[in-house]
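Here's the structure we're looking at; comments come further down.
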Protein chains: 2
Amino acid sequence: MELTGQSIIGYRRGAKTSTVLNGFNPSTGEALPPDFYSASETEVDKSVQLAAESFVHYGRKGGKGRASFLRSIAENLVQYGETLVERTVLETGLAAARIRIERERTCFQLRFFADMVEDGSWVDARIDRADSARIPVPKPDVRSMLRPLGPIAVFCASNFPLAFSVAGGDTVSALASGNPVIVLAHYSHPGTAEFAGTAIRDAALKHGFPEGVFSLLYDSGNDVAQALVTHPLVKGIGFTGSRTGGTALMKVASFRSEPIPFYAEMSSVNPVFILPNALKARSDVVAEDLHVSATLGVGQFCTNPGVIVTMGDSGEFVSRFTELMAKKDSGVMLNRNIAASYRRAIFDRSAQPDVRVRWTAPSAAEISQNVCSVGTAVFEINAQTWLANRVFQDEVFGPATLLVHAESREDLLEIGRRMDGNLTATILGTADDLRDFSDLVSLLETKVGRLIFNGSPTGVEVCEAMVHGGPYPATSDGRSTSVGGRAIFRFTRPVCFQNFPDVGLPPELQESNPSGIWRMEDGRHIQPAARTR
Amino acid sequence: MELTGQSIIGYRRGAKTSTVLNGFNPSTGEALPPDFYSASETEVDKSVQLAAESFVHYGRKGGKGRASFLRSIAENLVQYGETLVERTVLETGLAAARIRIERERTCFQLRFFADMVEDGSWVDARIDRADSARIPVPKPDVRSMLRPLGPIAVFCASNFPLAFSVAGGDTVSALASGNPVIVLAHYSHPGTAEFAGTAIRDAALKHGFPEGVFSLLYDSGNDVAQALVTHPLVKGIGFTGSRTGGTALMKVASFRSEPIPFYAEMSSVNPVFILPNALKARSDVVAEDLHVSATLGVGQFCTNPGVIVTMGDSGEFVSRFTELMAKKDSGVMLNRNIAASYRRAIFDRSAQPDVRVRWTAPSAAEISQNVCSVGTAVFEINAQTWLANRVFQDEVFGPATLLVHAESREDLLEIGRRMDGNLTATILGTADDLRDFSDLVSLLETKVGRLIFNGSPTGVEVCEAMVHGGPYPATSDGRSTSVGGRAIFRFTRPVCFQNFPDVGLPPELQESNPSGIWRMEDGRHIQPAARTR
């Protein structure tokens with residue numbers, strides 16, 4: 001596939017406008033051809049209008065058609081082979097092996113949602129049948145199910161060029177449940193975006209879906225983002241990025257007269273609590289595991305363990321962890337902005353009072369504007385310092401870890417109590433610890449989307465039970481997850497049909513259950529005939 | 001029970017502050033004793049603090065305890081007998097029979113949610129078991145379920161002193177799923193609020209729940225509302241009222257640094273579309289049914305059919321409907337503000353260009369400040385007038401109906417296309433009409449929470465499938481419903497446990513399924529042993 005640099009507006013290519021952006025090789029500092037052209041105001045509007053027009057038809061297409069569409073997207077992504085991998089490596093500095101795994105994950109996600117919508121039971125169909133004899137008033141026939149919202153705008157993540165970008169989680173959630181999608185490419189990997197966007201466009205064409213089911217827009221600035229978030233026909237937003245970016249968009253969205261679902265996954269320090277028994281019995285293994293988790297992908301994971309809280313004698317753990325972090329080679333971050341932010345954050349943190357700098361990589365050679373190579377960092381403070389200064393709740397995006405030492409059980413609980421919303425919290429200990437610190441677990445449960453016991457926060461399994469979300473400021477809406485089966489709900493709402501004759505109902509609610517889905521009928525879960533799943 | 005006029009702060013009575021409000025008899029214009037005392041800033045904060053403290057314990061109480069609590073509330077409401085009914089009649093001008101039915105509905109709702117949380121399957125428990133042999137990385141054990149959010153603030157509705165007020169829908173949804181609740185009483189029925197609040201307080205005491213699970217606050221102004229909506233420990237809001245009130249609170253909420261779920265059910269004109277075959281075959285019956293729906297409770301229902309769109313020869317229907325509306329006796333509205341707003345709206349609508357006033361009740365005698373008696377009104381316009389002026393999308397709260405005549409099928413579709421979000425839309429016709437106008441039905445489906453065929457929008461059945469919600473501006477968040485089984489989701493979020501030993505898990509997620517609930521295990525719906533429901 002030859003990159004064109006043009007937006008994809010429905011089934012057409014966008015114009016070659018005068019405002020361009022380029023991919024950028026973070027390893028060499030070179031700009032990458034071709035030029036990518038910012039979408040014009042008219043093109044943004046056109047993409048949303050097309051999406052709105054396609055919605056009535058696409059939203060009512062049965063799940064089987066949508067499943068086949070999603071699988072075709074995965075096939076197309078696979079067919080690009082190494083061409084795609086090479087481009088993504090160039091644009092992101094991530095290793096080829098990592099990109100291949102990320103593509104597998106992206107395709108798995110597409111197929112996972114395809115299976116779900118082919119099955120169809122996710123719509124939570126409910127039927128309460130009429131009772132004309134009921135006293136004092138007859139009971140009507142009431143049936144409801146989840147339905148899509150309309151055009152959804154998706155903003156790509158810098159750190160997952162495939163799995164949380166053009167054909168990533170939010171796009172799949174939205175398309176699977178019947179919503180058209182308009183994606184804004186991330187400036188950091190525009191070429192990768194064109195591959196994925198073309199994969200979706202081609203799949204939509206192949207399935208004969210109405211034009212507008214998908215569009216991909218480029219922008220060198222913020223105009224397209226603003227236009228999408230405020231467009232009256234956009235009915236939901238998915239964003240993955242920084243807290244600065246997320247809160248800025250939330251502010252723009254707050255000027256809408258019509259509030260819409262706005263899912264921003266923003267920032268998380270993913271606290272790890274090492275309880276006394278774990279510290280005592282296996283500080284070596286813990287240090288090894290955590291340093292791997294903390295440096296994975298140059299620390300550029302939303303689930304990076306940014307804060308590690310210990311209680312008890314942590315000397316051995318701290319030495320071992322610091323030693324491992326210091327040994328870690330420097331790595332190339334995704335782009336100049338991210339590398340610059342990381343360096344600034346390391347500088348700022350080092351300068352905070354009562355912070356003990358355990359380790360920072362020498363940085364003289366890295367100050368160059370065009371090179372994104374950075375090293376690890378380890379800071380240490382005590383619980384009182386953490387409690388006294390909210391700055392320690394801020395995420396440092398990159399391979400930096402803050403060690404917090406709690407003197408007492410009360411310190412530990414107070415940290416739990418004062419902890420901001422996070423995507424995850426991890427507890428390392430024994431089963432006895434879990435019982436002895438059940439108050440800490442109860443507290444943490446109210447602060448995160450996912451609690452991990454004796455594991456690492458990095459690695460987000462795509463499965464029915466996953467929750468990748470959490471209370472603000474980890475996300476803008478803690479009721480949702482951006483990964484896993486529950487993510488199909490994010491761009492839906494329930495719609496109810498009262499006293500409709502069978503022919504007027506969607507198949508999912510018809511009396512004979514032609515879709516063969518699980519339903520709740522008259523208050524009972526009813527297993528469809530001839531199926532066991 | 002003797003009314004005290006004091007707020008209920010946890011298990012204590014609020015202070016007798018210097019700012020008071022009184023109930024008001026809308027039939028006579030008399031203020032009603034006793035004085036009710038506005039909660040102080042300190043009391044608001046205290047009630048929220050207590051709620052937050054109680055949350056960790058209450059939120060983790062099993063469903064059986066909460067079910068028993070909800071049933072006790074219903075018992076207490078019943079035990080007040082006619083004392084409660086008499087007070088509510090005095091404060092609202094609603095008929096005693098209506099209040100008795102509303103109490104039954106309120107108790108039914110409490111028991112409906114009690115059954116649901118006793119059953120426990122609503123938590124949507126999902127289990128994905130580990131696979132340590134998986135390549136390239138072992139699969140972790142991942143389990144998740146819905147959990148409560150924390151302290152919820154509930155704002156009472158004027159028009160449902162019981163079913164959408166202190167012990168009404170939002171309170172029940174929140175308490176059932178494990179959230180503490182702070183209710184702000186409606187100024188229009190403070191005595192009724194004290195009955196219901198005492199019913200909840202007494203039930204909480206009886207069950208030994210921690211103080212703060214419930215509080216009831218009074219206010220003669222807006223200070224308490226503002227304080228509740230902006231309190232950092234409040235984690236969700238339920239509101240039922242006017243669009244003015246709802247959007248004002250949404251604006252206040254937008255100043256929070258932490259966004260929280262905000263469910264305002266605000267306004268709806270509940271369009272009714274009479275299709276040609278219905279108009280031809282049964283305009284008499286339709287006119288009879290719709291006039292009953294339009295005047296029920298002096299038109300003070302959120303599902304009141306405010307706009308009726310006809311296509312075809314509507315002469316007979318218009319005459320008959322107008323005749324029935326004109327015959328209807330005047331009625332007493334809930335309070336002076338509502339009556340004044342209604343009279344102003346009738347005046348304004350009569351003055352709009354191209355509006356034909358079919359009927360308005362003589363109003364000379366009703367202008368008095370203290371009397372809330374009003375009559376019906378019928379206006380008529382054509383589709384072009386409706387399409388040209390957005391004012392016709394505004395709700396007139398009361399027994400007024402706007403008839404809109406569409407000349408053509410295209411007019412009808414254009415009205416559907418341009419229609420704002422509403423709670424309901426009703427289609428009157430034959431099964432053939434449903435097929436012939438499937439494009440209209442598809443359009444309307446994207447605009448409402450509930451579509452009704454050959455019925456009335458008033459009457460909202462409490463059942464698993466009900467959706468009482470809809471796109472903005474009908475509500476602030478169309479993803480939810482304030483009535484029915486799905487309302488249990490509104491104050492919840494999913495929480496995930498990864499690699500937890502069984503003893504550390506909530507019972508709903510433990511391997512042996514001790515709660516005996518339906519779960520999704522490894523992607524399959526699993527029926528619990530020894531149960532059929």
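Letters A, B, ... mark the chains of the structure tokens in the order given; residue numbers begin at 1 per chain; ligand numbers begin at 1, in order shown.
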Could you list, as number ranges by chain, every residue within 12 Å of segment 351-363 of chain A, counting only C-alpha atoms and ignoring same-chain residues fewer than 5 positions away? A: 318-331, 339-340, 342-346, 368, 371-386, 388-392, 399-405
Give me the residues within 8 Å of segment 210-220 of chain A as a ChimeraX atom specification, counting only C-alpha atoms and dropping any in the same chain fewer than 5 places off. /A:6-11,19-21,36-39,44,47-55,57-58,166,179-187,190,194,197,200-201,204
Would you mind listing, for every residue of segment 448-514 of chain B within 9 Å of segment 290-314 of chain B, the two atoms forming the shortest contact and the distance between them in Å to one decimal, using only C-alpha atoms, sorted by chain and ascending residue number, as a tab-separated table?
residue	atom	partner	partner_atom	distance
B:Gly455	CA	B:Leu290	CA	8.9
B:Ser456	CA	B:Ser293	CA	6.4
B:Pro457	CA	B:Thr303	CA	5.5
B:Thr458	CA	B:Thr303	CA	5.1
B:Gly459	CA	B:Thr303	CA	7.8
B:Val460	CA	B:Thr303	CA	8.3
Any idea which chain B residues end up within 7 Å of chain A if we count only C-alpha atoms, as a ChimeraX atom specification please? /B:56,126-128,142-144,258-259,431,434,442,449-453,463-467,472,476,478-480,492-501,504,523-525,533
With N, CA and C atoms retained, export the selected residues as a compact mmCIF listing (two decimals), in the first residue's frame.
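Written file, again.txt:
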# COMPACT_ATOMS: atom_id res chain seq x y z
N VAL B 56 -18.32 2.55 52.88
CA VAL B 56 -17.48 1.35 52.80
C VAL B 56 -18.23 0.14 53.37
N ARG B 126 -18.83 -11.49 36.11
CA ARG B 126 -18.14 -12.13 34.99
C ARG B 126 -16.83 -12.73 35.48
N ILE B 127 -16.59 -13.92 35.06
CA ILE B 127 -15.38 -14.63 35.48
C ILE B 127 -14.65 -15.16 34.26
N ASP B 128 -13.40 -14.79 34.12
CA ASP B 128 -12.54 -15.40 33.09
C ASP B 128 -11.39 -16.07 33.82
N VAL B 142 -9.40 -13.25 35.89
CA VAL B 142 -10.00 -11.91 35.90
C VAL B 142 -11.48 -12.04 36.23
N ARG B 143 -11.92 -11.31 37.25
CA ARG B 143 -13.33 -11.37 37.67
C ARG B 143 -13.84 -9.96 37.93
N SER B 144 -15.05 -9.68 37.50
CA SER B 144 -15.57 -8.33 37.74
C SER B 144 -17.07 -8.35 37.97
N GLU B 258 -14.04 17.05 39.55
CA GLU B 258 -14.34 15.65 39.25
C GLU B 258 -15.74 15.54 38.65
N PRO B 259 -15.83 15.15 37.37
CA PRO B 259 -17.17 14.96 36.81
C PRO B 259 -17.82 13.73 37.43
N ALA B 431 -51.10 -2.12 11.88
CA ALA B 431 -49.83 -2.81 11.65
C ALA B 431 -49.30 -2.46 10.26
N LEU B 434 -47.43 0.74 10.42
CA LEU B 434 -46.09 0.56 10.99
C LEU B 434 -45.11 0.20 9.89
N SER B 442 -38.08 4.38 12.53
CA SER B 442 -36.62 4.35 12.67
C SER B 442 -36.10 5.68 13.18
N GLY B 449 -36.68 7.39 24.50
CA GLY B 449 -36.39 6.21 25.31
C GLY B 449 -37.42 5.12 25.12
N ARG B 450 -38.68 5.54 24.81
CA ARG B 450 -39.75 4.54 24.72
C ARG B 450 -40.67 4.89 23.55
N LEU B 451 -40.91 3.91 22.71
CA LEU B 451 -41.84 4.03 21.59
C LEU B 451 -43.10 3.25 21.94
N ILE B 452 -44.25 3.90 21.79
CA ILE B 452 -45.51 3.23 22.14
C ILE B 452 -46.35 3.10 20.88
N PHE B 453 -46.92 1.94 20.71
CA PHE B 453 -47.81 1.73 19.57
C PHE B 453 -49.23 1.56 20.10
N CYS B 463 -41.17 -2.34 35.52
CA CYS B 463 -40.85 -3.71 35.15
C CYS B 463 -39.41 -3.77 34.64
N GLU B 464 -38.93 -4.96 34.39
CA GLU B 464 -37.53 -5.11 33.98
C GLU B 464 -37.21 -4.38 32.68
N ALA B 465 -38.17 -4.35 31.76
CA ALA B 465 -37.88 -3.82 30.42
C ALA B 465 -38.14 -2.33 30.27
N MET B 466 -38.73 -1.69 31.29
CA MET B 466 -39.09 -0.28 31.12
C MET B 466 -37.86 0.59 30.86
N VAL B 467 -38.04 1.59 30.00
CA VAL B 467 -37.04 2.67 29.84
C VAL B 467 -37.78 3.99 30.02
N TYR B 472 -31.07 13.87 25.32
CA TYR B 472 -31.19 15.27 25.71
C TYR B 472 -32.08 16.01 24.71
N SER B 476 -30.50 14.46 30.90
CA SER B 476 -29.12 14.90 30.72
C SER B 476 -28.22 13.75 30.30
N GLY B 478 -28.86 10.09 28.28
CA GLY B 478 -29.80 9.14 27.68
C GLY B 478 -29.42 7.69 27.86
N ARG B 479 -28.28 7.42 28.53
CA ARG B 479 -27.86 6.03 28.69
C ARG B 479 -28.60 5.33 29.82
N SER B 480 -29.48 6.04 30.50
CA SER B 480 -30.05 5.50 31.72
C SER B 480 -31.57 5.61 31.74
N THR B 492 -23.77 2.75 39.56
CA THR B 492 -22.81 1.67 39.70
C THR B 492 -21.68 1.81 38.68
N ARG B 493 -20.62 1.07 38.92
CA ARG B 493 -19.53 0.97 37.95
C ARG B 493 -18.91 -0.40 38.11
N PRO B 494 -18.27 -0.91 37.04
CA PRO B 494 -17.67 -2.23 37.16
C PRO B 494 -16.33 -2.16 37.90
N VAL B 495 -16.08 -3.14 38.74
CA VAL B 495 -14.79 -3.26 39.43
C VAL B 495 -14.26 -4.66 39.18
N CYS B 496 -12.98 -4.73 38.92
CA CYS B 496 -12.34 -5.97 38.47
C CYS B 496 -11.31 -6.44 39.50
N PHE B 497 -11.28 -7.75 39.73
CA PHE B 497 -10.32 -8.36 40.65
C PHE B 497 -9.47 -9.34 39.85
N GLN B 498 -8.17 -9.13 39.87
CA GLN B 498 -7.29 -9.98 39.06
C GLN B 498 -6.42 -10.83 39.98
N ASN B 499 -6.45 -12.12 39.74
CA ASN B 499 -5.62 -13.07 40.50
C ASN B 499 -5.87 -13.06 41.99
N PHE B 500 -7.09 -12.72 42.40
CA PHE B 500 -7.40 -12.73 43.83
C PHE B 500 -7.70 -14.15 44.31
N PRO B 501 -7.21 -14.50 45.50
CA PRO B 501 -7.63 -15.79 46.06
C PRO B 501 -9.10 -15.71 46.43
N GLY B 504 -10.46 -13.52 49.23
CA GLY B 504 -10.38 -12.07 49.09
C GLY B 504 -11.45 -11.50 48.17
N GLY B 523 -16.95 -16.69 29.22
CA GLY B 523 -17.71 -16.31 28.03
C GLY B 523 -19.08 -16.94 27.89
N ARG B 524 -19.47 -17.82 28.85
CA ARG B 524 -20.77 -18.47 28.76
C ARG B 524 -21.69 -18.03 29.90
N HIS B 525 -22.98 -17.94 29.60
CA HIS B 525 -23.96 -17.69 30.64
C HIS B 525 -24.12 -18.96 31.46
N ARG B 533 -34.61 -19.60 37.94
CA ARG B 533 -34.86 -18.24 37.49
C ARG B 533 -33.57 -17.53 37.11
Write down as a list of chain:residue names the residues belonging to segment 158-306 of chain A that are assigned strand (DSSP E or B) by DSSP computed on the backbone. A:Val181, A:Ile182, A:Val183, A:Leu184, A:Phe214, A:Ser215, A:Leu216, A:Leu217, A:Gly236, A:Ile237, A:Gly238, A:Phe239, A:Thr240, A:Phe262, A:Tyr263, A:Ala264, A:Glu265, A:Val272, A:Phe273, A:Ile274
What does the structure give for the distance between atom CA of Thr171 of chain B and atom CA of Phe262 of chain B, in Å to one decimal? 13.9 Å
Need to verify the contact set: segment 229-234 of chain B, 6 Å, only C-alpha atoms, exclusion of same-chain residues closer than 4 positions in sequence. Can you return it as a count of residues only? 4
